[in-house]
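Data block for coords_38.tsv (TSV, C-alpha atoms):
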```tsv
chain	number	residue	atom	x	y	z
A	1	MET	CA	53.65	-59.34	-2.97
A	2	GLN	CA	54.49	-56.30	-5.02
A	3	ILE	CA	56.80	-53.35	-4.49
A	4	ILE	CA	57.41	-50.21	-6.50
A	5	LEU	CA	61.07	-49.72	-7.42
A	6	ASN	CA	61.95	-46.35	-8.93
A	7	GLY	CA	58.37	-45.90	-10.03
A	8	GLN	CA	57.96	-49.38	-11.56
A	9	ALA	CA	55.81	-52.05	-9.91
A	10	GLN	CA	57.46	-55.44	-9.62
A	11	PRO	CA	56.75	-58.71	-7.80
A	12	LEU	CA	58.90	-59.64	-4.83
A	13	ASP	CA	59.11	-62.65	-2.53
A	14	THR	CA	57.90	-62.04	0.97
A	15	GLY	CA	60.24	-62.03	3.96
A	16	LEU	CA	63.14	-60.18	2.33
A	17	SER	CA	65.08	-57.35	3.91
A	18	LEU	CA	66.15	-54.26	2.03
A	19	GLN	CA	69.67	-55.69	2.16
A	20	ASP	CA	68.55	-58.93	0.44
A	21	PHE	CA	66.74	-56.97	-2.22
A	22	ILE	CA	69.68	-54.67	-2.97
A	23	LEU	CA	72.06	-57.63	-3.21
A	24	SER	CA	69.65	-59.25	-5.68
A	25	LEU	CA	69.97	-56.16	-7.89
A	26	GLY	CA	73.76	-56.50	-8.07
A	27	LEU	CA	74.45	-53.13	-6.53
A	28	GLU	CA	77.34	-54.06	-4.26
A	29	ASN	CA	80.19	-51.55	-4.42
A	30	LYS	CA	77.99	-48.93	-6.05
A	31	ARG	CA	77.29	-45.50	-4.63
A	32	TYR	CA	73.62	-44.79	-4.15
A	33	ALA	CA	71.12	-43.73	-1.52
A	34	VAL	CA	67.85	-45.47	-0.74
A	35	GLU	CA	64.47	-44.10	0.23
A	36	LEU	CA	61.72	-46.38	1.50
A	37	ASN	CA	58.28	-44.82	1.40
A	38	HIS	CA	59.82	-41.33	1.19
A	39	SER	CA	62.13	-41.82	4.17
A	40	ILE	CA	65.87	-42.24	3.78
A	41	VAL	CA	67.17	-45.56	4.98
A	42	PRO	CA	70.79	-45.21	6.20
A	43	ARG	CA	73.12	-47.81	4.72
A	44	SER	CA	73.74	-49.27	8.17
A	45	ARG	CA	70.06	-50.19	8.48
A	46	TYR	CA	69.41	-52.11	5.24
A	47	LEU	CA	69.78	-55.43	7.02
A	48	GLU	CA	67.22	-54.66	9.68
A	49	THR	CA	64.71	-53.11	7.27
A	50	PRO	CA	62.02	-55.60	6.18
A	51	LEU	CA	60.12	-55.03	2.95
A	52	ALA	CA	56.34	-55.19	2.81
A	53	ASP	CA	53.70	-55.30	0.10
A	54	GLY	CA	53.24	-51.92	-1.57
A	55	ASP	CA	56.57	-50.49	-0.42
A	56	GLN	CA	57.95	-47.71	-2.58
A	57	ILE	CA	61.70	-47.90	-2.97
A	58	GLU	CA	63.82	-45.24	-4.63
A	59	ILE	CA	67.46	-45.93	-5.48
A	60	ILE	CA	69.15	-42.65	-6.29
A	61	HIS	CA	72.62	-41.96	-7.59
A	62	ALA	CA	74.83	-39.15	-8.85
A	63	VAL	CA	74.49	-38.04	-12.49
A	64	GLY	CA	76.02	-35.25	-14.51
A	65	GLY	CA	74.49	-31.86	-13.90
A	66	GLY	CA	75.27	-28.20	-13.42
B	1	MET	CA	98.77	-12.13	-3.28
B	2	SER	CA	95.32	-13.37	-4.00
B	3	ALA	CA	93.65	-14.75	-0.87
B	4	PRO	CA	91.93	-18.09	-1.22
B	5	LEU	CA	88.18	-18.43	-1.51
B	6	VAL	CA	86.58	-19.43	1.80
B	7	ILE	CA	83.05	-20.87	1.81
B	8	ALA	CA	81.60	-21.94	5.15
B	9	GLY	CA	85.09	-22.45	6.54
B	10	HIS	CA	86.33	-24.51	3.56
B	11	THR	CA	89.28	-22.99	1.71
B	12	PHE	CA	89.73	-23.21	-2.06
B	13	GLU	CA	92.59	-22.04	-4.25
B	14	SER	CA	90.47	-22.14	-7.40
B	15	ARG	CA	87.56	-19.75	-7.82
B	16	LEU	CA	86.06	-21.75	-10.66
B	17	MET	CA	83.33	-24.27	-9.94
B	18	VAL	CA	82.14	-26.62	-12.62
B	19	GLY	CA	79.19	-28.82	-13.45
B	20	THR	CA	79.26	-32.34	-14.84
B	21	GLY	CA	76.35	-32.27	-17.30
B	22	LYS	CA	76.25	-32.43	-21.12
B	23	TYR	CA	79.66	-34.05	-21.67
B	24	LYS	CA	80.17	-36.76	-24.29
B	25	ASP	CA	81.13	-39.30	-21.64
B	26	LEU	CA	82.55	-39.59	-18.16
B	27	ALA	CA	86.15	-39.67	-19.38
B	28	GLN	CA	85.65	-36.31	-21.09
B	29	THR	CA	83.94	-34.96	-17.96
B	30	GLN	CA	86.93	-35.99	-15.91
B	31	ALA	CA	89.49	-34.57	-18.34
B	32	ALA	CA	87.70	-31.22	-18.65
B	33	ILE	CA	87.33	-30.81	-14.91
B	34	SER	CA	90.96	-31.63	-14.39
B	35	ALA	CA	91.98	-29.10	-17.06
B	36	SER	CA	89.81	-26.41	-15.47
B	37	GLY	CA	91.64	-26.57	-12.15
B	38	ALA	CA	88.27	-26.40	-10.36
B	39	GLN	CA	88.09	-27.88	-6.88
B	40	ILE	CA	84.32	-27.71	-6.41
B	41	VAL	CA	82.28	-29.93	-8.71
B	42	THR	CA	78.50	-30.03	-8.86
B	43	PHE	CA	76.27	-32.89	-9.93
B	44	ALA	CA	72.61	-33.90	-9.90
B	45	LEU	CA	70.69	-36.76	-8.31
B	46	ARG	CA	68.40	-39.05	-10.27
B	47	ARG	CA	66.92	-42.52	-10.15
B	48	MET	CA	69.30	-45.31	-11.04
B	49	ASN	CA	68.14	-47.20	-14.12
B	50	ILE	CA	67.96	-50.60	-12.49
B	51	GLY	CA	68.66	-53.34	-15.00
B	52	GLN	CA	70.69	-51.04	-17.27
B	53	GLU	CA	73.10	-49.04	-15.22
B	54	GLU	CA	74.36	-51.32	-12.51
B	55	ASN	CA	77.32	-52.42	-14.59
B	56	GLN	CA	78.04	-48.95	-15.90
B	57	PRO	CA	80.61	-46.69	-14.26
B	58	ASN	CA	79.12	-43.93	-12.16
B	59	LEU	CA	80.04	-40.25	-12.17
B	60	LEU	CA	81.56	-40.60	-8.69
B	61	ASP	CA	83.98	-43.23	-10.01
B	62	PHE	CA	85.42	-40.48	-12.22
B	63	ILE	CA	85.03	-37.45	-9.94
B	64	SER	CA	86.45	-38.71	-6.70
B	65	PRO	CA	85.17	-37.27	-3.42
B	66	GLN	CA	88.77	-37.58	-2.22
B	67	THR	CA	90.02	-35.23	-4.94
B	68	TYR	CA	87.16	-32.75	-5.29
B	69	THR	CA	84.73	-31.01	-3.00
B	70	LEU	CA	81.45	-32.36	-4.27
B	71	LEU	CA	78.48	-30.05	-4.49
B	72	PRO	CA	75.27	-32.02	-5.05
B	73	ASN	CA	72.57	-29.82	-6.52
B	74	THR	CA	68.79	-29.76	-6.61
B	75	ALA	CA	68.57	-29.16	-10.36
B	76	GLY	CA	65.16	-30.10	-11.70
B	77	CYS	CA	63.32	-29.31	-8.45
B	78	TYR	CA	60.39	-26.89	-8.63
B	79	THR	CA	59.31	-27.02	-4.97
B	80	ALA	CA	60.99	-26.54	-1.60
B	81	GLU	CA	59.80	-29.98	-0.59
B	82	ASP	CA	61.54	-31.72	-3.52
B	83	ALA	CA	64.70	-29.69	-3.02
B	84	VAL	CA	64.96	-30.47	0.69
B	85	ARG	CA	64.34	-34.15	-0.03
B	86	THR	CA	67.05	-34.13	-2.70
B	87	CYS	CA	69.57	-32.57	-0.31
B	88	GLN	CA	68.80	-35.16	2.34
B	89	ILE	CA	69.35	-37.95	-0.18
B	90	ALA	CA	72.63	-36.32	-1.21
B	91	ARG	CA	73.78	-36.24	2.39
B	92	GLU	CA	73.09	-39.95	2.72
B	93	LEU	CA	74.81	-40.68	-0.61
B	94	LEU	CA	77.94	-38.80	0.47
B	95	ASP	CA	78.11	-40.09	4.05
B	96	GLY	CA	77.01	-36.97	5.86
B	97	HIS	CA	78.52	-34.38	3.50
B	98	ASN	CA	76.35	-31.29	3.94
B	99	PHE	CA	77.57	-28.91	1.22
B	100	VAL	CA	74.71	-28.42	-1.26
B	101	LYS	CA	73.69	-26.19	-4.12
B	102	LEU	CA	70.06	-25.18	-3.72
B	103	GLU	CA	68.39	-24.49	-7.05
B	104	ILE	CA	64.60	-24.32	-7.32
B	105	LEU	CA	63.31	-23.52	-10.76
B	106	GLY	CA	60.31	-21.41	-11.64
B	107	ASP	CA	59.66	-22.39	-15.23
B	108	THR	CA	61.13	-24.56	-17.93
B	109	LYS	CA	61.67	-21.81	-20.49
B	110	THR	CA	63.82	-19.40	-18.50
B	111	LEU	CA	64.97	-21.74	-15.71
B	112	PHE	CA	64.79	-18.67	-13.51
B	113	PRO	CA	64.57	-19.51	-9.82
B	114	ASN	CA	61.33	-19.63	-7.84
B	115	ILE	CA	62.33	-17.28	-5.03
B	116	VAL	CA	59.41	-18.02	-2.69
B	117	GLU	CA	60.24	-21.73	-2.73
B	118	THR	CA	63.98	-21.01	-2.57
B	119	LEU	CA	63.59	-18.94	0.62
B	120	LYS	CA	61.46	-21.67	2.21
B	121	ALA	CA	63.90	-24.43	1.33
B	122	ALA	CA	66.93	-22.36	2.40
B	123	GLU	CA	65.44	-21.89	5.87
B	124	ARG	CA	64.71	-25.57	6.27
B	125	LEU	CA	68.13	-26.66	5.01
B	126	VAL	CA	70.09	-24.19	7.14
B	127	HIS	CA	68.05	-25.31	10.15
B	128	ASP	CA	68.93	-28.90	9.26
B	129	ALA	CA	72.70	-28.06	9.34
B	130	PHE	CA	73.28	-27.96	5.57
B	131	GLU	CA	75.80	-25.53	4.11
B	132	VAL	CA	73.69	-23.96	1.40
B	133	LEU	CA	75.07	-22.32	-1.72
B	134	VAL	CA	72.00	-20.82	-3.32
B	135	TYR	CA	71.11	-20.10	-6.93
B	136	THR	CA	69.07	-16.92	-7.12
B	137	THR	CA	68.10	-14.02	-9.34
B	138	ASP	CA	70.24	-10.90	-9.47
B	139	ASP	CA	67.90	-9.09	-7.05
B	140	PRO	CA	70.04	-7.59	-4.26
B	141	ILE	CA	67.18	-7.69	-1.74
B	142	THR	CA	66.61	-11.41	-2.24
B	143	ALA	CA	70.36	-11.99	-2.09
B	144	LYS	CA	70.49	-10.24	1.29
B	145	GLN	CA	67.53	-12.23	2.60
B	146	LEU	CA	69.18	-15.50	1.60
B	147	GLU	CA	72.35	-14.41	3.37
B	148	GLU	CA	70.37	-13.49	6.49
B	149	ILE	CA	68.74	-16.92	6.48
B	150	GLY	CA	72.25	-18.34	6.73
B	151	CYS	CA	73.20	-19.41	3.20
B	152	CYS	CA	76.99	-19.67	2.94
B	153	ALA	CA	77.24	-18.39	-0.64
B	154	ILE	CA	74.91	-16.42	-2.89
B	155	MET	CA	74.86	-17.52	-6.51
B	156	PRO	CA	73.05	-15.05	-8.75
B	157	LEU	CA	72.52	-15.80	-12.42
B	158	ALA	CA	74.26	-13.56	-14.94
B	159	ALA	CA	71.97	-14.75	-17.77
B	160	PRO	CA	69.67	-17.78	-18.11
B	161	ILE	CA	71.17	-21.21	-17.36
B	162	GLY	CA	72.81	-22.69	-20.45
B	163	SER	CA	72.22	-19.55	-22.52
B	164	GLY	CA	75.86	-18.50	-22.87
B	165	LEU	CA	74.71	-14.88	-23.12
B	166	GLY	CA	77.43	-13.60	-20.81
B	167	ILE	CA	77.17	-11.12	-17.95
B	168	GLN	CA	73.92	-9.26	-18.61
B	169	ASN	CA	73.51	-7.57	-15.23
B	170	ARG	CA	76.78	-6.11	-14.07
B	171	TYR	CA	75.18	-3.29	-12.06
B	172	SER	CA	72.90	-5.54	-10.05
B	173	LEU	CA	75.75	-7.99	-9.52
B	174	ARG	CA	77.80	-5.08	-8.15
B	175	PHE	CA	75.00	-4.19	-5.71
B	176	ILE	CA	74.89	-7.78	-4.49
B	177	ILE	CA	78.68	-7.94	-4.09
B	178	GLU	CA	78.81	-4.62	-2.22
B	179	ASN	CA	76.15	-5.77	0.25
B	180	ALA	CA	77.24	-9.35	0.77
B	181	LYS	CA	79.26	-10.67	3.69
B	182	VAL	CA	79.36	-14.17	2.18
B	183	PRO	CA	80.93	-15.14	-1.16
B	184	VAL	CA	79.03	-14.18	-4.32
B	185	ILE	CA	79.42	-16.74	-7.09
B	186	VAL	CA	78.00	-16.12	-10.56
B	187	ASP	CA	75.99	-19.22	-11.39
B	188	ALA	CA	74.76	-19.41	-14.96
B	189	GLY	CA	75.08	-17.34	-18.09
B	190	VAL	CA	78.79	-17.48	-18.90
B	191	GLY	CA	79.47	-18.40	-22.55
B	192	THR	CA	83.18	-17.92	-23.03
B	193	ALA	CA	86.34	-17.00	-21.16
B	194	SER	CA	85.92	-13.22	-21.37
B	195	ASP	CA	82.52	-13.55	-19.63
B	196	ALA	CA	84.18	-15.33	-16.72
B	197	ALA	CA	86.86	-12.64	-16.55
B	198	ILE	CA	84.21	-9.90	-16.52
B	199	ALA	CA	82.41	-11.57	-13.62
B	200	MET	CA	85.63	-11.73	-11.67
B	201	GLU	CA	86.59	-8.14	-12.55
B	202	LEU	CA	83.25	-7.03	-11.09
B	203	GLY	CA	84.41	-8.47	-7.78
B	204	CYS	CA	82.58	-11.79	-7.78
B	205	ASP	CA	84.25	-14.34	-5.55
B	206	GLY	CA	83.90	-17.11	-8.11
B	207	VAL	CA	81.98	-18.45	-11.09
B	208	LEU	CA	80.10	-21.71	-11.52
B	209	MET	CA	79.65	-22.97	-15.06
B	210	ASN	CA	78.80	-26.10	-17.01
B	211	THR	CA	77.49	-25.57	-20.53
B	212	ALA	CA	80.16	-23.05	-21.55
B	213	ILE	CA	82.75	-25.79	-21.12
B	214	ALA	CA	80.76	-28.88	-22.04
B	215	GLU	CA	79.32	-27.43	-25.26
B	216	ALA	CA	82.59	-25.92	-26.50
B	217	LYS	CA	83.99	-27.66	-29.59
B	218	ASP	CA	86.98	-28.63	-27.47
B	219	PRO	CA	85.73	-28.82	-23.88
B	220	ILE	CA	89.13	-29.60	-22.41
B	221	LEU	CA	90.76	-26.57	-24.01
B	222	MET	CA	87.83	-24.37	-22.97
B	223	ALA	CA	88.10	-25.68	-19.43
B	224	ARG	CA	91.70	-24.53	-19.35
B	225	ALA	CA	90.70	-21.16	-20.82
B	226	MET	CA	88.08	-20.73	-18.11
B	227	GLY	CA	90.56	-21.49	-15.37
B	228	LEU	CA	92.93	-18.86	-16.76
B	229	ALA	CA	90.12	-16.31	-17.25
B	230	ILE	CA	88.97	-16.68	-13.67
B	231	GLU	CA	92.50	-16.12	-12.47
B	232	ALA	CA	93.09	-13.19	-14.84
B	233	GLY	CA	89.81	-11.55	-13.84
B	234	ARG	CA	90.54	-11.96	-10.15
B	235	HIS	CA	94.00	-10.46	-10.50
B	236	ALA	CA	92.61	-7.54	-12.52
B	237	TYR	CA	89.98	-6.91	-9.85
B	238	LEU	CA	92.59	-6.92	-7.08
B	239	ALA	CA	94.96	-4.79	-9.15
B	240	GLY	CA	92.31	-2.11	-9.63
B	241	ARG	CA	91.72	-1.04	-13.20
B	242	MET	CA	92.71	2.37	-14.62
B	243	PRO	CA	89.99	4.96	-14.93
B	244	LYS	CA	88.25	5.29	-18.28
B	245	ARG	CA	88.75	8.62	-20.03
B	246	PRO	CA	87.12	9.93	-23.17
B	247	TYR	CA	90.28	11.01	-25.02
B	248	ALA	CA	93.71	9.58	-25.64
B	249	SER	CA	96.62	9.81	-23.22
B	250	ALA	CA	100.06	9.28	-24.79
B	251	SER	CA	102.10	6.51	-23.27
B	252	SER	CA	105.45	7.84	-24.57
B	253	THR	CA	106.79	10.97	-22.95
B	254	THR	CA	106.20	14.26	-24.71
B	255	GLU	CA	109.61	15.54	-23.48
B	256	GLY	CA	112.82	15.32	-25.58
B	257	TYR	CA	111.36	15.43	-29.06
B	258	PHE	CA	114.15	15.75	-31.69
B	259	PHE	CA	111.78	16.08	-34.62
```

Encoded form using structure tokens:
Amino acid sequence: MQIILNGQAQPLDTGLSLQDFILSLGLENKRYAVELNHSIVPRSRYLETPLADGDQIEIIHAVGGG
Amino acid sequence: MSAPLVIAGHTFESRLMVGTGKYKDLAQTQAAISASGAQIVTFALRRMNIGQEENQPNLLDFISPQTYTLLPNTAGCYTAEDAVRTCQIARELLDGHNFVKLEILGDTKTLFPNIVETLKAAERLVHDAFEVLVYTTDDPITAKQLEEIGCCAIMPLAAPIGSGLGIQNRYSLRFIIENAKVPVIVDAGVGTASDAAIAMELGCDGVLMNTAIAEAKDPILMARAMGLAIEAGRHAYLAGRMPKRPYASASSTTEGYFF
């Protein structure tokens, strides 16, 4: 299956949770927020959030700005 | 004594707020902010560059939420929808922190705010329990409307964002200050320390700046200058300046001349 991560399509194995996916990106101990299909997913729910074909995931973090 | 700044029940000793953009690196950002004495620090939200950034330090590693009051902003948003979404993401990022700077732009050349979208977003955010500090034009009517919606601070521009033109609208800023029951913070336009002092002498409750510090040749020294200027301007405002008069008035007594 395929998902869209931060605007870029990429293949992904089926049956993964959002938690599995984030761990695969090496983002432990980082500060970020996640949206799945335009809805915020609270950190406490990554484990119970399954990913499906066509899902749009946004991983957002703090950057410099005024 | 100068009373502290209170925004939505939060108390701050410093009346300077600073941005985190345009610095050479995060170490310089951190050093400049520390030198400024600011307690409120604003930042933007963007996509993480997956595959490039995950091993890089993040802004929040340098600007600790334990040390500073973080003020996520909606910079780059042109619609109420995008701005509200950005604030909701910020709240998730910062574990329920609801202090946000609402900034909805109207065009890329002036970076003036889109007031129609700003009013819409402000209503939605206030309803959703955000504490909204709002970037706006220097129009006193709009400022009052934003206050009536429930924004906790009104942040009029003094000149275009990043222009460094200084305080171009002191009369309209005065109207806003006179009418406001919430803090008025000049957001945008300051170029150097005297500009910050002028804003404070007008009676503004604070100043938010980024470029004036970050684009100085020595940002850390300028940050210190800004902190001092804000304090000097505030004291001068509270002290009450002397009246202007057209002719001279001797400072030494005219009694007791021996010549």

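For the atom pair formed by atom CA of Ile60 of chain A and atom CA of Ala33 of chain A, the distance is 5.3 Å, given to one decimal.
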
Task: Test item: which residues lie within 9 Å of (52.6, -47.8, -2.0) counting only C-alpha atoms, as a list in words - done: Ile3, Ile4, Asn37, Asp53, Gly54, Asp55 and Gln56 of chain A

Kindly save the residues from that selection, with C-alpha atoms included, as an mmCIF file, in the frame of the given file.
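Result file out.cif:
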```cif
data_model
loop_
_atom_site.group_PDB
_atom_site.id
_atom_site.type_symbol
_atom_site.label_atom_id
_atom_site.label_comp_id
_atom_site.auth_asym_id
_atom_site.auth_seq_id
_atom_site.Cartn_x
_atom_site.Cartn_y
_atom_site.Cartn_z
ATOM 1 C CA ILE A 3 56.800 -53.350 -4.490
ATOM 2 C CA ILE A 4 57.410 -50.210 -6.500
ATOM 3 C CA ASN A 37 58.280 -44.820 1.400
ATOM 4 C CA ASP A 53 53.700 -55.300 0.100
ATOM 5 C CA GLY A 54 53.240 -51.920 -1.570
ATOM 6 C CA ASP A 55 56.570 -50.490 -0.420
ATOM 7 C CA GLN A 56 57.950 -47.710 -2.580
#
```

Task: Atomic separation - atom CA of Pro183 of chain B relative to atom CA of Glu148 of chain B, Å - done: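 Those two atoms sit 13.1 Å apart.
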
Cut-off 10 Å: closest chain B/chain A atom pairs per residue, using all atoms listed in the file, as CSV:
```
residue,atom,partner,partner_atom,distance
B:Met17,CA,A:Gly66,CA,9.6
B:Val18,CA,A:Gly66,CA,7.1
B:Gly19,CA,A:Gly66,CA,4.0
B:Thr20,CA,A:Gly64,CA,4.4
B:Gly21,CA,A:Gly65,CA,3.9
B:Lys22,CA,A:Gly64,CA,7.2
B:Tyr23,CA,A:Gly64,CA,8.1
B:Asp25,CA,A:Gly64,CA,9.7
B:Leu26,CA,A:Gly64,CA,8.6
B:Thr29,CA,A:Gly64,CA,8.6
B:Val41,CA,A:Gly66,CA,8.6
B:Thr42,CA,A:Gly66,CA,5.9
B:Phe43,CA,A:Gly65,CA,4.5
B:Ala44,CA,A:Gly65,CA,4.9
B:Leu45,CA,A:Ala62,CA,4.8
B:Arg46,CA,A:Ile60,CA,5.4
B:Arg47,CA,A:Ile60,CA,4.5
B:Met48,CA,A:Ile60,CA,5.4
B:Asn49,CA,A:Asn6,CA,8.1
B:Ile50,CA,A:Leu25,CA,7.5
B:Gly51,CA,A:Leu25,CA,7.8
B:Glu53,CA,A:Leu27,CA,9.7
B:Glu54,CA,A:Leu27,CA,6.2
B:Asn55,CA,A:Gly26,CA,8.5
B:Gln56,CA,A:Lys30,CA,9.9
B:Pro57,CA,A:Lys30,CA,8.9
B:Asn58,CA,A:Ala62,CA,7.2
B:Leu59,CA,A:Val63,CA,6.0
B:Leu60,CA,A:Ala62,CA,6.9
B:Asp61,CA,A:Arg31,CA,8.9
B:Leu71,CA,A:Gly66,CA,9.7
B:Pro72,CA,A:Ala62,CA,8.1
B:Asn73,CA,A:Gly66,CA,7.6
B:Thr74,CA,A:Gly65,CA,9.5
B:Ala75,CA,A:Gly65,CA,7.4
B:Gly76,CA,A:Gly65,CA,9.7
B:Arg85,CA,A:His38,CA,8.6
B:Thr86,CA,A:Ile60,CA,9.5
B:Gln88,CA,A:Ile40,CA,7.8
B:Ile89,CA,A:Ala33,CA,6.2
B:Ala90,CA,A:Ala33,CA,7.6
B:Arg91,CA,A:Ala33,CA,8.9
B:Glu92,CA,A:Ala33,CA,6.0
B:Leu93,CA,A:Ala33,CA,4.9
B:Leu94,CA,A:Arg31,CA,8.4
B:Asp95,CA,A:Pro42,CA,9.2
B:Lys101,CA,A:Gly66,CA,9.6
B:Ile161,CA,A:Gly66,CA,9.0
B:Gly162,CA,A:Gly66,CA,9.3
B:Asp187,CA,A:Gly66,CA,9.2
B:Ala188,CA,A:Gly66,CA,8.9
B:Leu208,CA,A:Gly66,CA,8.3
B:Met209,CA,A:Gly66,CA,7.0
B:Asn210,CA,A:Gly66,CA,5.5
B:Thr211,CA,A:Gly66,CA,7.9
```

- [ ] Show which residues sit within 9 Å of Thr49 of chain A, as a PyMOL selection string. Count all atoms listed in the file, and ignore same-chain residues fewer than 6 positions away.
- [x] chain A and resi 16-19+41

Open item on the list: Report, in Å to a single decimal, how far apart atom CA of Ala143 of chain B and atom CA of Val207 of chain B are.
Closed with: 16.1 Å

- [ ] List the neighbours of Ile177 of chain B out to 12 Å using only C-alpha atoms; skip same-chain residues closer than 4 positions along the sequence, and give me the result as a list in words.
- [x]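 After dropping sequence-adjacent residues, the list is Asp138, Asp139, Pro140, Ile141, Ala143, Lys144, Glu147, Ala153, Ile154, Met155, Pro156, Arg170, Tyr171, Ser172, Leu173, Lys181, Val182, Pro183, Val184, Ile185, Val186, Ala199, Met200, Glu201, Leu202, Gly203, Cys204, Asp205 and Gly206 of chain B.
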
TODO: Write out as an MDAnalysis selection string the residues lying within 9 Å of Ser194 of chain B, counting only C-alpha atoms and excluding same-chain residues fewer than 3 positions away.
DONE: chainID B and resid 166 190:191 197:199 226 229:230 233

File of the preceding selection, C-alpha atoms, as a PDB file, in the frame of the given file:
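The resulting out33.pdb:
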```
ATOM      1  CA  GLY B 166      77.430 -13.600 -20.810  1.00  0.00           C
ATOM      2  CA  VAL B 190      78.790 -17.480 -18.900  1.00  0.00           C
ATOM      3  CA  GLY B 191      79.470 -18.400 -22.550  1.00  0.00           C
ATOM      4  CA  ALA B 197      86.860 -12.640 -16.550  1.00  0.00           C
ATOM      5  CA  ILE B 198      84.210  -9.900 -16.520  1.00  0.00           C
ATOM      6  CA  ALA B 199      82.410 -11.570 -13.620  1.00  0.00           C
ATOM      7  CA  MET B 226      88.080 -20.730 -18.110  1.00  0.00           C
ATOM      8  CA  ALA B 229      90.120 -16.310 -17.250  1.00  0.00           C
ATOM      9  CA  ILE B 230      88.970 -16.680 -13.670  1.00  0.00           C
ATOM     10  CA  GLY B 233      89.810 -11.550 -13.840  1.00  0.00           C
TER      11      GLY B 233
END
```

Open item on the list: For a cutoff of 6 Å around the file-coordinate point (57.0, -60.5, -1.1), which residues qualify once you count only C-alpha atoms? I'd like the result as a list in words.
Closed with: Met1, Leu12, Asp13 and Thr14 of chain A

Saved selection, atoms kept: C-alpha atoms, as a PDB file, in the frame of the given file:
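Ended up saving to out-v2.pdb:
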```pdb
ATOM      1  CA  MET A   1      53.650 -59.340  -2.970  1.00  0.00           C
ATOM      2  CA  LEU A  12      58.900 -59.640  -4.830  1.00  0.00           C
ATOM      3  CA  ASP A  13      59.110 -62.650  -2.530  1.00  0.00           C
ATOM      4  CA  THR A  14      57.900 -62.040   0.970  1.00  0.00           C
TER       5      THR A  14
END
```

File for segment 15-19 of chain A (all heavy atoms), as a CSV table (one decimal), in the first residue's frame:
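In the end it all went to result-v5.csv:
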```csv
chain,number,residue,atom,x,y,z
A,15,GLY,N,-0.7,-3.3,7.8
A,15,GLY,CA,-0.9,-3.8,9.1
A,15,GLY,C,-0.1,-3.1,10.2
A,15,GLY,O,0.0,-3.5,11.3
A,16,LEU,N,0.5,-1.9,9.8
A,16,LEU,CA,1.3,-1.2,10.8
A,16,LEU,C,0.4,-0.1,11.5
A,16,LEU,O,-0.5,0.4,10.9
A,16,LEU,CB,2.4,-0.4,10.1
A,16,LEU,CG,3.5,-1.3,9.4
A,16,LEU,CD1,4.6,-0.4,8.8
A,16,LEU,CD2,4.2,-2.2,10.5
A,17,SER,N,0.8,0.1,12.7
A,17,SER,CA,0.1,1.2,13.4
A,17,SER,C,0.9,2.5,13.2
A,17,SER,O,2.1,2.4,12.8
A,17,SER,CB,0.1,0.9,14.9
A,17,SER,OG,1.4,1.0,15.5
A,18,LEU,N,0.3,3.6,13.6
A,18,LEU,CA,1.0,4.9,13.5
A,18,LEU,C,2.3,4.8,14.4
A,18,LEU,O,3.4,5.4,14.0
A,18,LEU,CB,0.1,6.0,13.9
A,18,LEU,CG,0.6,7.4,13.8
A,18,LEU,CD1,1.0,7.8,12.4
A,18,LEU,CD2,-0.5,8.4,14.3
A,19,GLN,N,2.2,4.2,15.5
A,19,GLN,CA,3.3,4.0,16.4
A,19,GLN,C,4.5,3.3,15.7
A,19,GLN,O,5.6,3.7,15.8
A,19,GLN,CB,2.9,3.2,17.6
A,19,GLN,CG,4.0,2.8,18.6
A,19,GLN,CD,4.2,3.8,19.7
A,19,GLN,OE1,3.8,5.0,19.5
A,19,GLN,NE2,4.8,3.4,20.7
```
